[in-house]
Every structure is written in structure tokens, then in C-alpha cells.
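Chemist: My structure is below; once you've seen it, I'll send some questions.
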Amino acid sequence: MCALKIRQDACELDFLSLGALVHRLDPGIIPFRKATSFDVHVSGGEYNVSANLSDCFGLKTGVASAMVNNGIGELVQARVREKGVKPYYKHFEHDGVRGPNIATVYSDQGHGVRAPVVFYNRANEAGAMLKPGDFDWKAIHAAGCKWFHSGGIFAALSPTTSELIVEGMQAAKAAGAVTSFDLNYRAKLWAALPGGAAKGQEMIAKIVNNVDVLIGNEEDLQKGLGIEGQDVESSSKLDPNAFFSVIEKAVKKFPNVKAVATTLREVHSTNRHDWAAVVWIEGEKFVSPTMQLDVIDRIGGGDGFAAGLIYGLLAGKKPEEALRLGWAHGALLTTFPGDVTMAKLPEVEQLAKGGSARVQR
């Protein structure tokens, strides 16, 4: 049985995430320097998990985030509504010139030997202005919430966003929710803040001290938590033993953490990946099978894994079943354009049980 104490009473929310919403401009396989049109995807590592859990898995989810009162904000709000995610917004007025802004992500998909390219404009971002006190956590939790989630990219946006995550985690735990954090360590973001990487590790430690479930790969654990391990660049990306050895050090440093999970990905080309996943739950280790992916858009695959895993745990599945649901959903998400799911639960369940890509008649 899973050691996580998940509420079994009636709750208004199964899952609530805290993070910045962004809009991603995607010209498909066309490099940006040659692009003449774009698709617009609404995204955010934390929001993606809420959207996936609502749209594919049918859970009651919410997102706490910054919202800008302009046309881009209206676009983002409409997409959030379409996914069935309940919003809790701190509103900011745009001055018509410089912001505050909904951040823009630019990313072409690449193809074959040509890698995807991702870059950002996070200048004057409303999400980075969020701070403790901006959300009434007591009121949000009054009707019940089973699971609270945030992530490392949001933590690295400003000194106040990390403090807000700590506040949110502590409020969630006080209200009886399970807490999770996706490390998503980004060295460039932490380096840009006062105190750099050292301050980043200090803030991540404050957050992780309040976390039940930690998501992150071997590099995330080493760099985000300040844990020594082997050279992640020279090791196999599909070796679960290397990951489990770092976990033992992580949970010794943070004994409150009850579960740690990650995806394992070996990239052969932009469109051909080997894909697996692992989870550690209070000393027990579980490893998924490995499958070959024919990737359309890799962005959001990790958030897809997190959503499937969390759904399985919330649904009371055995750890190996929850792992397989995450592994299958993350794989399916890479076959769709955009950052959030277009899969249906029966498709996820079929693939998790070993289903094939034969024509469904």
C-alpha cells in the first residue's frame, strides 16, 4: 500500500497547482527565423498537470496563478476554462506598453537530426511578481483539497515566488493535502537571481522540507538539492540504478519525502526516443518497461507523466500501476502538438497494460 495519506472525504478539489501561466508560440517544424505563422499553446509546468488531470483523467482541479487584464490574458483564461481547471487568479493591470506580462515561450519542434529550439521572453512577468499573501489559502482549502503541487521553474522566477510556494505548501499540509514538487532545475534562471545557485539550493531546501512527493531526474536531484552523484552527462539516461542511488541520499537529507519519481529518456533523434519511468516509494523501487517513442512534440511529456502518476496514487492504485499510468500518459502526450493532453483515459489505460498502436476498429 502507498504510504501517502490521501483524503477520502468529499473535497471540492482533487488537485491544485501553483505556478505561472505562459503562452507558447509554435511554428511547428519551421525554424523561427523562417516562420510566418504560429500556433498558440497555453502552458506552465504546474498548470499542465492540472489541465491533464482534468481533461484526460476527469479530476476536479484548480490553478493558482497571476493573470494580466489584457487580450493575452483573456486568451489564456479561455484555454484554462476549456480544460475545466478552476482558476484562482491574482490580477494585474497591463499598462498598455511594458506590462506586467504573461510570459512568452518560443519553440520550434525541430525534426530528425535538427533539435528543437526553446527560448523565452519573461521580462516584467506578472507571475514573477506573486508573493506570500496573494492567495487566501484558508478560503481555498475550506471546501477541501486532496493534493497540492508546484515546481522549480516557478520557484526560480523571483525571490518571492519561492517564499509563496513555501507558504502554499505549509497551508496545504495544515489542511490535510498531499504535497508534491517538480524540481525542474534550471541553472540559468537561478543564476539570474541574487545569490545565484547557492541561494537556489537554499530556497529549494525550504520548499522540499514541506514536500511528500518529489519529481525530478538525477541532475535535478544533484543540482537542486546539492547532492553528490556520478557525472550525469556520462551515465546512461535509461539506467534506473543511478537514479535510485541518488534518491537514497536525497531522502536521507529530506526524510519527510515519501516518494520520488522521474522519467528516463534516451534521445536518438528529435523524433525517436527511448522512454521509461521509475518511482521510489518509502524504500520500494518500481521501474516501468521501456518503449520507443515517435515524437511529434516533446514539450510537456514530463508533466504528462506526473499527471498520470498522481492520478494513479489519488485513485488508490498500486504503485506499479500508478507508475505505468504516468509512463503511458507521458508517452501519449508526446504524440500531440502542444503542452497539454489530448488523450482519453481508456487510451492511457490500454497503453499502460501493454496496448499497441494497431488501428482501433
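Identifiers in this document derive from the order of the C-alpha cells: chains are assigned A, B, ..., residues are numbered from 1 separately in each chain, and ligands are numbered from 1 in order of occurrence.
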Which neighbours of A:Lys318 fall inside 12 Å, counting only C-alpha atoms, when residues of the same chain fewer than 3 positions from it are skipped, and could you give them as a PDB file with N, CA and C atoms, in the first residue's frame?

Modeler:
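Heads up, here's the output in selection-v1.pdb:
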ATOM      1  N   MET A   1       0.836  -1.200   0.000  1.00  0.00           N
ATOM      2  CA  MET A   1       0.000   0.000   0.000  1.00  0.00           C
ATOM      3  C   MET A   1       0.872   1.251   0.000  1.00  0.00           C
ATOM      4  N   CYS A   2       0.356   2.298  -0.666  1.00  0.00           N
ATOM      5  CA  CYS A   2       1.090   3.554  -0.699  1.00  0.00           C
ATOM      6  C   CYS A   2       1.012   4.234   0.666  1.00  0.00           C
ATOM      7  N   ALA A   3       2.133   4.779   1.122  1.00  0.00           N
ATOM      8  CA  ALA A   3       2.192   5.389   2.448  1.00  0.00           C
ATOM      9  C   ALA A   3       1.592   6.786   2.477  1.00  0.00           C
ATOM     10  N   LEU A   4       1.248   7.351   1.330  1.00  0.00           N
ATOM     11  CA  LEU A   4       0.682   8.691   1.294  1.00  0.00           C
ATOM     12  C   LEU A   4      -0.712   8.690   1.925  1.00  0.00           C
ATOM     13  N   VAL A 279       9.741   4.998 -10.000  1.00  0.00           N
ATOM     14  CA  VAL A 279       9.262   5.641  -8.790  1.00  0.00           C
ATOM     15  C   VAL A 279       9.817   4.893  -7.578  1.00  0.00           C
ATOM     16  N   ILE A 281       9.027   4.597  -3.523  1.00  0.00           N
ATOM     17  CA  ILE A 281       8.030   4.922  -2.501  1.00  0.00           C
ATOM     18  C   ILE A 281       8.424   4.229  -1.204  1.00  0.00           C
ATOM     19  N   GLU A 284      10.620   1.168  -1.483  1.00  0.00           N
ATOM     20  CA  GLU A 284      10.293   0.244  -2.568  1.00  0.00           C
ATOM     21  C   GLU A 284      10.571   0.907  -3.909  1.00  0.00           C
ATOM     22  N   PHE A 286      10.226   0.811  -8.175  1.00  0.00           N
ATOM     23  CA  PHE A 286       9.420   0.315  -9.276  1.00  0.00           C
ATOM     24  C   PHE A 286       9.937   0.926 -10.575  1.00  0.00           C
ATOM     25  N   LEU A 309       0.827   9.586 -12.977  1.00  0.00           N
ATOM     26  CA  LEU A 309       1.273   9.026 -11.698  1.00  0.00           C
ATOM     27  C   LEU A 309       0.387   9.516 -10.558  1.00  0.00           C
ATOM     28  N   ILE A 310       0.145  10.827 -10.519  1.00  0.00           N
ATOM     29  CA  ILE A 310      -0.661  11.400  -9.445  1.00  0.00           C
ATOM     30  C   ILE A 310      -2.092  10.878  -9.508  1.00  0.00           C
ATOM     31  N   TYR A 311      -2.649  10.764 -10.713  1.00  0.00           N
ATOM     32  CA  TYR A 311      -3.991  10.183 -10.846  1.00  0.00           C
ATOM     33  C   TYR A 311      -4.020   8.780 -10.246  1.00  0.00           C
ATOM     34  N   GLY A 312      -3.031   7.975 -10.576  1.00  0.00           N
ATOM     35  CA  GLY A 312      -2.999   6.612 -10.062  1.00  0.00           C
ATOM     36  C   GLY A 312      -2.936   6.573  -8.550  1.00  0.00           C
ATOM     37  N   LEU A 313      -2.121   7.438  -7.955  1.00  0.00           N
ATOM     38  CA  LEU A 313      -1.996   7.470  -6.495  1.00  0.00           C
ATOM     39  C   LEU A 313      -3.282   7.979  -5.847  1.00  0.00           C
ATOM     40  N   LEU A 314      -3.891   9.015  -6.440  1.00  0.00           N
ATOM     41  CA  LEU A 314      -5.159   9.525  -5.904  1.00  0.00           C
ATOM     42  C   LEU A 314      -6.270   8.483  -6.010  1.00  0.00           C
ATOM     43  N   ALA A 315      -6.212   7.668  -7.060  1.00  0.00           N
ATOM     44  CA  ALA A 315      -7.238   6.652  -7.273  1.00  0.00           C
ATOM     45  C   ALA A 315      -7.008   5.399  -6.446  1.00  0.00           C
ATOM     46  N   GLU A 321       1.099   0.246 -10.752  1.00  0.00           N
ATOM     47  CA  GLU A 321       0.023   0.651 -11.662  1.00  0.00           C
ATOM     48  C   GLU A 321       0.043   2.160 -11.877  1.00  0.00           C
ATOM     49  N   ALA A 322       0.233   2.915 -10.786  1.00  0.00           N
ATOM     50  CA  ALA A 322       0.310   4.369 -10.900  1.00  0.00           C
ATOM     51  C   ALA A 322       1.488   4.775 -11.784  1.00  0.00           C
ATOM     52  N   LEU A 323       2.625   4.103 -11.607  1.00  0.00           N
ATOM     53  CA  LEU A 323       3.798   4.381 -12.433  1.00  0.00           C
ATOM     54  C   LEU A 323       3.494   4.138 -13.906  1.00  0.00           C
ATOM     55  N   ARG A 324       2.845   3.029 -14.203  1.00  0.00           N
ATOM     56  CA  ARG A 324       2.534   2.702 -15.597  1.00  0.00           C
ATOM     57  C   ARG A 324       1.565   3.707 -16.212  1.00  0.00           C
ATOM     58  N   LEU A 325       0.611   4.198 -15.431  1.00  0.00           N
ATOM     59  CA  LEU A 325      -0.311   5.205 -15.953  1.00  0.00           C
ATOM     60  C   LEU A 325       0.441   6.491 -16.297  1.00  0.00           C
TER      61      LEU A 325
END

Chemist: With only C-alpha atoms as the counted atoms, please give the residues lying no more than 6 Å from stretch 41-49 of chain A, apart from itself and same-chain residues fewer than 2 positions off, as a list in words.

Modeler: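 Here the qualifying residues turn out to be Ser17, Gly19, Ala20, Leu21, Val22, His23, Arg24, Ala51, Asn52, Ser150, Asp303, Ala307, Gly338 and Val340 of chain A.
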
Chemist: Filtering to N, CA and C atoms, could you give me those residues as a short mmCIF file (atom, residue, chain, number, x, y, z; two decimals), in the first residue's frame?

Modeler:
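Here's the written file selection_23.cif:
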data_model
loop_
_atom_site.label_atom_id
_atom_site.label_comp_id
_atom_site.auth_asym_id
_atom_site.auth_seq_id
_atom_site.Cartn_x
_atom_site.Cartn_y
_atom_site.Cartn_z
N SER A 17 -2.71 23.31 -8.34
CA SER A 17 -1.32 23.67 -8.64
C SER A 17 -1.11 25.16 -8.47
N GLY A 19 1.54 28.12 -9.92
CA GLY A 19 2.62 28.40 -10.87
C GLY A 19 2.24 29.49 -11.85
N ALA A 20 3.18 29.84 -12.71
CA ALA A 20 2.96 30.88 -13.70
C ALA A 20 2.37 30.29 -14.98
N LEU A 21 1.36 30.97 -15.53
CA LEU A 21 0.82 30.62 -16.84
C LEU A 21 1.61 31.35 -17.92
N VAL A 22 1.87 30.68 -19.02
CA VAL A 22 2.60 31.27 -20.14
C VAL A 22 1.85 30.94 -21.43
N HIS A 23 2.20 31.65 -22.50
CA HIS A 23 1.70 31.24 -23.81
C HIS A 23 2.89 30.96 -24.71
N ARG A 24 2.80 29.82 -25.42
CA ARG A 24 3.90 29.35 -26.24
C ARG A 24 3.56 29.51 -27.72
N ALA A 51 -4.32 20.68 -15.94
CA ALA A 51 -5.09 20.52 -17.17
C ALA A 51 -5.18 19.06 -17.58
N ASN A 52 -4.08 18.33 -17.46
CA ASN A 52 -4.07 16.91 -17.82
C ASN A 52 -5.00 16.11 -16.92
N SER A 150 3.52 22.25 -6.92
CA SER A 150 4.20 23.37 -7.56
C SER A 150 5.51 22.87 -8.17
N ASP A 303 5.34 16.53 -17.63
CA ASP A 303 4.11 16.91 -16.92
C ASP A 303 3.01 15.87 -17.16
N ALA A 307 1.11 13.78 -14.18
CA ALA A 307 -0.35 13.72 -14.07
C ALA A 307 -0.83 12.28 -13.96
N GLY A 338 1.47 20.68 -28.83
CA GLY A 338 1.05 21.42 -27.65
C GLY A 338 1.57 20.83 -26.37
N VAL A 340 -0.35 20.25 -23.40
CA VAL A 340 -1.29 19.50 -22.55
C VAL A 340 -1.96 18.40 -23.34
#

Chemist: Enumerate the residues of stretch 170-275 of chain A with a DSSP assignment of strand (DSSP E or B), computed from the backbone, and present them as a count of residues only.

Modeler: 23

Chemist: Excluding A:Ala187 and any residue of its chain fewer than 5 positions from it, enumerate the residues within 12 Å of it, using only C-alpha atoms, and give them as a PyMOL selection string.

Modeler: chain A and resi 152-153+156-157+192-193+196-201+219-220+222-224

Chemist: Export, as a PDB file, in the first residue's frame, the selected residues with N, CA and C atoms.

Modeler:
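See part_32.pdb below for the written result:
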ATOM      1  N   GLY A 152       9.824  23.872  -9.834  1.00  0.00           N
ATOM      2  CA  GLY A 152      11.073  24.598  -9.715  1.00  0.00           C
ATOM      3  C   GLY A 152      11.232  25.776 -10.648  1.00  0.00           C
ATOM      4  N   ILE A 153      10.585  25.750 -11.817  1.00  0.00           N
ATOM      5  CA  ILE A 153      10.695  26.911 -12.713  1.00  0.00           C
ATOM      6  C   ILE A 153       9.993  28.105 -12.086  1.00  0.00           C
ATOM      7  N   ALA A 156      12.003  29.637  -9.331  1.00  0.00           N
ATOM      8  CA  ALA A 156      13.192  30.386  -9.750  1.00  0.00           C
ATOM      9  C   ALA A 156      12.869  31.719 -10.417  1.00  0.00           C
ATOM     10  N   LEU A 157      11.591  32.083 -10.533  1.00  0.00           N
ATOM     11  CA  LEU A 157      11.255  33.324 -11.231  1.00  0.00           C
ATOM     12  C   LEU A 157      11.644  34.568 -10.428  1.00  0.00           C
ATOM     13  N   ALA A 192      20.355  33.968 -12.446  1.00  0.00           N
ATOM     14  CA  ALA A 192      19.956  35.355 -12.665  1.00  0.00           C
ATOM     15  C   ALA A 192      19.423  36.023 -11.408  1.00  0.00           C
ATOM     16  N   LEU A 193      19.166  35.243 -10.354  1.00  0.00           N
ATOM     17  CA  LEU A 193      18.624  35.804  -9.119  1.00  0.00           C
ATOM     18  C   LEU A 193      19.738  36.144  -8.130  1.00  0.00           C
ATOM     19  N   GLY A 196      22.418  33.551  -6.680  1.00  0.00           N
ATOM     20  CA  GLY A 196      22.725  32.511  -7.661  1.00  0.00           C
ATOM     21  C   GLY A 196      22.341  31.113  -7.231  1.00  0.00           C
ATOM     22  N   ALA A 197      23.147  30.124  -7.671  1.00  0.00           N
ATOM     23  CA  ALA A 197      22.842  28.713  -7.450  1.00  0.00           C
ATOM     24  C   ALA A 197      22.791  28.358  -5.968  1.00  0.00           C
ATOM     25  N   ALA A 198      23.667  28.957  -5.173  1.00  0.00           N
ATOM     26  CA  ALA A 198      23.689  28.652  -3.739  1.00  0.00           C
ATOM     27  C   ALA A 198      22.376  29.070  -3.077  1.00  0.00           C
ATOM     28  N   LYS A 199      21.884  30.257  -3.437  1.00  0.00           N
ATOM     29  CA  LYS A 199      20.610  30.719  -2.902  1.00  0.00           C
ATOM     30  C   LYS A 199      19.479  29.830  -3.411  1.00  0.00           C
ATOM     31  N   GLY A 200      19.607  29.380  -4.656  1.00  0.00           N
ATOM     32  CA  GLY A 200      18.603  28.484  -5.213  1.00  0.00           C
ATOM     33  C   GLY A 200      18.483  27.199  -4.415  1.00  0.00           C
ATOM     34  N   GLN A 201      19.610  26.589  -4.077  1.00  0.00           N
ATOM     35  CA  GLN A 201      19.578  25.364  -3.271  1.00  0.00           C
ATOM     36  C   GLN A 201      18.984  25.624  -1.890  1.00  0.00           C
ATOM     37  N   GLU A 219      19.910  14.700 -12.454  1.00  0.00           N
ATOM     38  CA  GLU A 219      20.544  16.016 -12.474  1.00  0.00           C
ATOM     39  C   GLU A 219      19.786  17.003 -11.583  1.00  0.00           C
ATOM     40  N   ASP A 220      18.437  16.966 -11.640  1.00  0.00           N
ATOM     41  CA  ASP A 220      17.634  17.824 -10.768  1.00  0.00           C
ATOM     42  C   ASP A 220      17.967  17.591  -9.299  1.00  0.00           C
ATOM     43  N   GLN A 222      20.691  16.283  -7.984  1.00  0.00           N
ATOM     44  CA  GLN A 222      22.055  16.690  -7.640  1.00  0.00           C
ATOM     45  C   GLN A 222      22.177  18.204  -7.544  1.00  0.00           C
ATOM     46  N   LYS A 223      21.734  18.910  -8.584  1.00  0.00           N
ATOM     47  CA  LYS A 223      21.947  20.353  -8.639  1.00  0.00           C
ATOM     48  C   LYS A 223      20.943  21.122  -7.796  1.00  0.00           C
ATOM     49  N   GLY A 224      19.706  20.633  -7.741  1.00  0.00           N
ATOM     50  CA  GLY A 224      18.693  21.339  -6.980  1.00  0.00           C
ATOM     51  C   GLY A 224      18.820  21.127  -5.487  1.00  0.00           C
TER      52      GLY A 224
END

Chemist: Give me, please, the distance in Å between atom CA of A:Trp275 and atom CA of A:Ile215, quoted to one decimal.

Modeler: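 Interatomic distance here is 16.2 Å.
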
Chemist: I'd like the contact shell of A:Thr335 - 9 Å cut-off, only C-alpha atoms, skipping same-chain residues fewer than 4 positions apart - returned as a ChimeraX atom specification.

Modeler: /A:293-298,331

Chemist: Next, write the just-selected residues to a file, as a PDB file, in the first residue's frame, keeping C-alpha atoms as the atom set.

Modeler:
ATOM      1  CA  LEU A 293       8.545   6.874 -28.995  1.00  0.00           C
ATOM      2  CA  ASP A 294       7.923   8.517 -32.357  1.00  0.00           C
ATOM      3  CA  VAL A 295       7.742  12.070 -31.048  1.00  0.00           C
ATOM      4  CA  ILE A 296       5.741  14.918 -32.536  1.00  0.00           C
ATOM      5  CA  ASP A 297       6.252  17.456 -29.725  1.00  0.00           C
ATOM      6  CA  ARG A 298       8.283  16.542 -26.640  1.00  0.00           C
ATOM      7  CA  ALA A 331       4.295   8.814 -23.877  1.00  0.00           C
TER       8      ALA A 331
END

Chemist: One decimal, Å: what's the distance from atom CA of A:Ala66 over to atom CA of A:Gly301, could you say?

Modeler: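 Those two atoms sit 23.8 Å apart.
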
Chemist: For A:Leu130, which residue out of A:Ala250, A:Leu18, A:Leu189, A:Leu332 is the nearest one, using only C-alpha atoms?

Modeler: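 Smallest separation from A:Leu130 among the options: A:Leu18.
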
Chemist: One number please: atom CA of A:Gly133 to atom CA of A:Arg7, in Å, one decimal.

Modeler: 25.7 Å

Chemist: Quick one: everything within 12 Å of A:Phe244, counting only C-alpha atoms, minus sequence neighbours fewer than 5 positions away in the same chain. Send it as a compact mmCIF listing (two decimals) with N, CA and C atoms, in the first residue's frame.

Modeler:
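What follows is the written file around.txt:
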# COMPACT_ATOMS: atom_id res chain seq x y z
N GLY A 216 11.71 14.55 -10.20
CA GLY A 216 12.93 15.15 -10.74
C GLY A 216 13.92 14.09 -11.14
N ASN A 217 14.70 14.39 -12.17
CA ASN A 217 15.68 13.41 -12.63
C ASN A 217 16.97 13.50 -11.81
N GLU A 218 17.95 12.69 -12.20
CA GLU A 218 19.19 12.61 -11.41
C GLU A 218 19.89 13.97 -11.34
N LEU A 221 18.05 16.31 -8.91
CA LEU A 221 18.33 15.98 -7.51
C LEU A 221 19.72 16.45 -7.10
N GLY A 229 26.71 12.94 -6.78
CA GLY A 229 26.41 11.73 -7.54
C GLY A 229 27.35 11.63 -8.71
N GLN A 230 27.15 10.59 -9.52
CA GLN A 230 28.03 10.41 -10.66
C GLN A 230 27.74 11.47 -11.71
N LEU A 238 19.00 5.80 -19.29
CA LEU A 238 17.98 4.81 -19.00
C LEU A 238 18.38 3.87 -17.87
N ASP A 239 19.40 4.24 -17.10
CA ASP A 239 19.87 3.39 -16.01
C ASP A 239 19.15 3.77 -14.72
N LYS A 249 20.31 9.19 -1.08
CA LYS A 249 20.94 10.37 -0.46
C LYS A 249 19.92 11.48 -0.25
N ALA A 250 19.00 11.63 -1.22
CA ALA A 250 18.01 12.70 -1.13
C ALA A 250 17.08 12.51 0.06
N VAL A 251 16.58 11.29 0.23
CA VAL A 251 15.62 11.07 1.32
C VAL A 251 16.31 11.03 2.68
N ALA A 259 7.98 9.81 -1.50
CA ALA A 259 8.05 9.23 -2.84
C ALA A 259 8.85 10.14 -3.75
N VAL A 260 9.61 9.53 -4.66
CA VAL A 260 10.38 10.26 -5.65
C VAL A 260 10.20 9.55 -6.99
N ALA A 261 9.96 10.33 -8.06
CA ALA A 261 9.70 9.72 -9.37
C ALA A 261 10.35 10.54 -10.47
N THR A 262 10.61 9.89 -11.58
CA THR A 262 11.14 10.60 -12.75
C THR A 262 10.91 9.78 -14.00
N ALA A 277 10.23 5.06 -17.00
CA ALA A 277 9.99 5.86 -15.80
C ALA A 277 10.21 5.00 -14.56
N VAL A 278 10.52 5.66 -13.45
CA VAL A 278 10.74 4.94 -12.20
C VAL A 278 10.08 5.72 -11.06
N VAL A 279 9.74 5.00 -10.00
CA VAL A 279 9.26 5.64 -8.79
C VAL A 279 9.82 4.89 -7.58
N TRP A 280 10.19 5.64 -6.57
CA TRP A 280 10.64 5.12 -5.27
C TRP A 280 9.60 5.55 -4.26
N ILE A 281 9.03 4.60 -3.52
CA ILE A 281 8.03 4.92 -2.50
C ILE A 281 8.42 4.23 -1.20
N GLU A 282 8.90 5.03 -0.25
CA GLU A 282 9.31 4.56 1.06
C GLU A 282 10.13 3.27 1.01
N GLY A 283 11.18 3.32 0.20
CA GLY A 283 12.13 2.21 0.13
C GLY A 283 11.84 1.19 -0.95
N GLU A 284 10.62 1.17 -1.48
CA GLU A 284 10.29 0.24 -2.57
C GLU A 284 10.57 0.91 -3.91
N LYS A 285 11.12 0.12 -4.84
CA LYS A 285 11.53 0.64 -6.13
C LYS A 285 10.71 -0.02 -7.24
N PHE A 286 10.23 0.81 -8.18
CA PHE A 286 9.42 0.32 -9.28
C PHE A 286 9.94 0.93 -10.58
N VAL A 287 10.05 0.09 -11.61
CA VAL A 287 10.59 0.52 -12.90
C VAL A 287 9.61 0.11 -14.00

Chemist: Which residue, A:Met291, A:Glu228, A:His149, A:Ile204, has the smallest gap to A:Phe254 when you use only C-alpha atoms?

Modeler: A:Ile204

Chemist: Per residue of stretch 218-327 of chain A within 7 Å of stretch 92-113 of chain A, which atom pair is closest and at what distance in Å (one decimal), using only C-alpha atoms, listed by chain and increasing number, as JSON lines?

Modeler:
{"residue": "A:Ser269", "atom": "CA", "partner": "A:Gly112", "partner_atom": "CA", "distance": 5.3}
{"residue": "A:Thr270", "atom": "CA", "partner": "A:Gly112", "partner_atom": "CA", "distance": 5.0}
{"residue": "A:Asn271", "atom": "CA", "partner": "A:Gly112", "partner_atom": "CA", "distance": 5.8}
{"residue": "A:Asp297", "atom": "CA", "partner": "A:Gln109", "partner_atom": "CA", "distance": 6.1}

Chemist: Those selected residues, please, written with C-alpha atoms and delivered as a short mmCIF file (atom, residue, chain, number, x, y, z; two decimals), in the first residue's frame.

Modeler:
data_model
loop_
_atom_site.label_atom_id
_atom_site.label_comp_id
_atom_site.auth_asym_id
_atom_site.auth_seq_id
_atom_site.Cartn_x
_atom_site.Cartn_y
_atom_site.Cartn_z
CA SER A 269 16.94 11.96 -32.70
CA THR A 270 14.35 14.70 -32.26
CA ASN A 271 11.61 12.26 -33.20
CA ASP A 297 6.25 17.46 -29.73
#

Chemist: Please identify which residues in stretch 254-341 of chain A DSSP calls alpha helix (DSSP H) from the backbone, and express them as an MDAnalysis selection string.

Modeler: chainID A and resid 301:314 319:333

Chemist: When you count only C-alpha atoms, which of these residues is closest to A:Ser162: A:Lys60, A:Ala205, A:Arg265, A:Leu53?

Modeler: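 Looking at the shortest contact to A:Ser162, the residue is A:Ala205.
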
Chemist: Here is a test: counting only C-alpha atoms, which residue of A:Trp327, A:Trp147, A:Phe243, A:Phe38 is nearest to A:Glu12?

Modeler: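 Between A:Trp327, A:Trp147, A:Phe243, A:Phe38, the residue approaching A:Glu12 most closely is A:Trp147.
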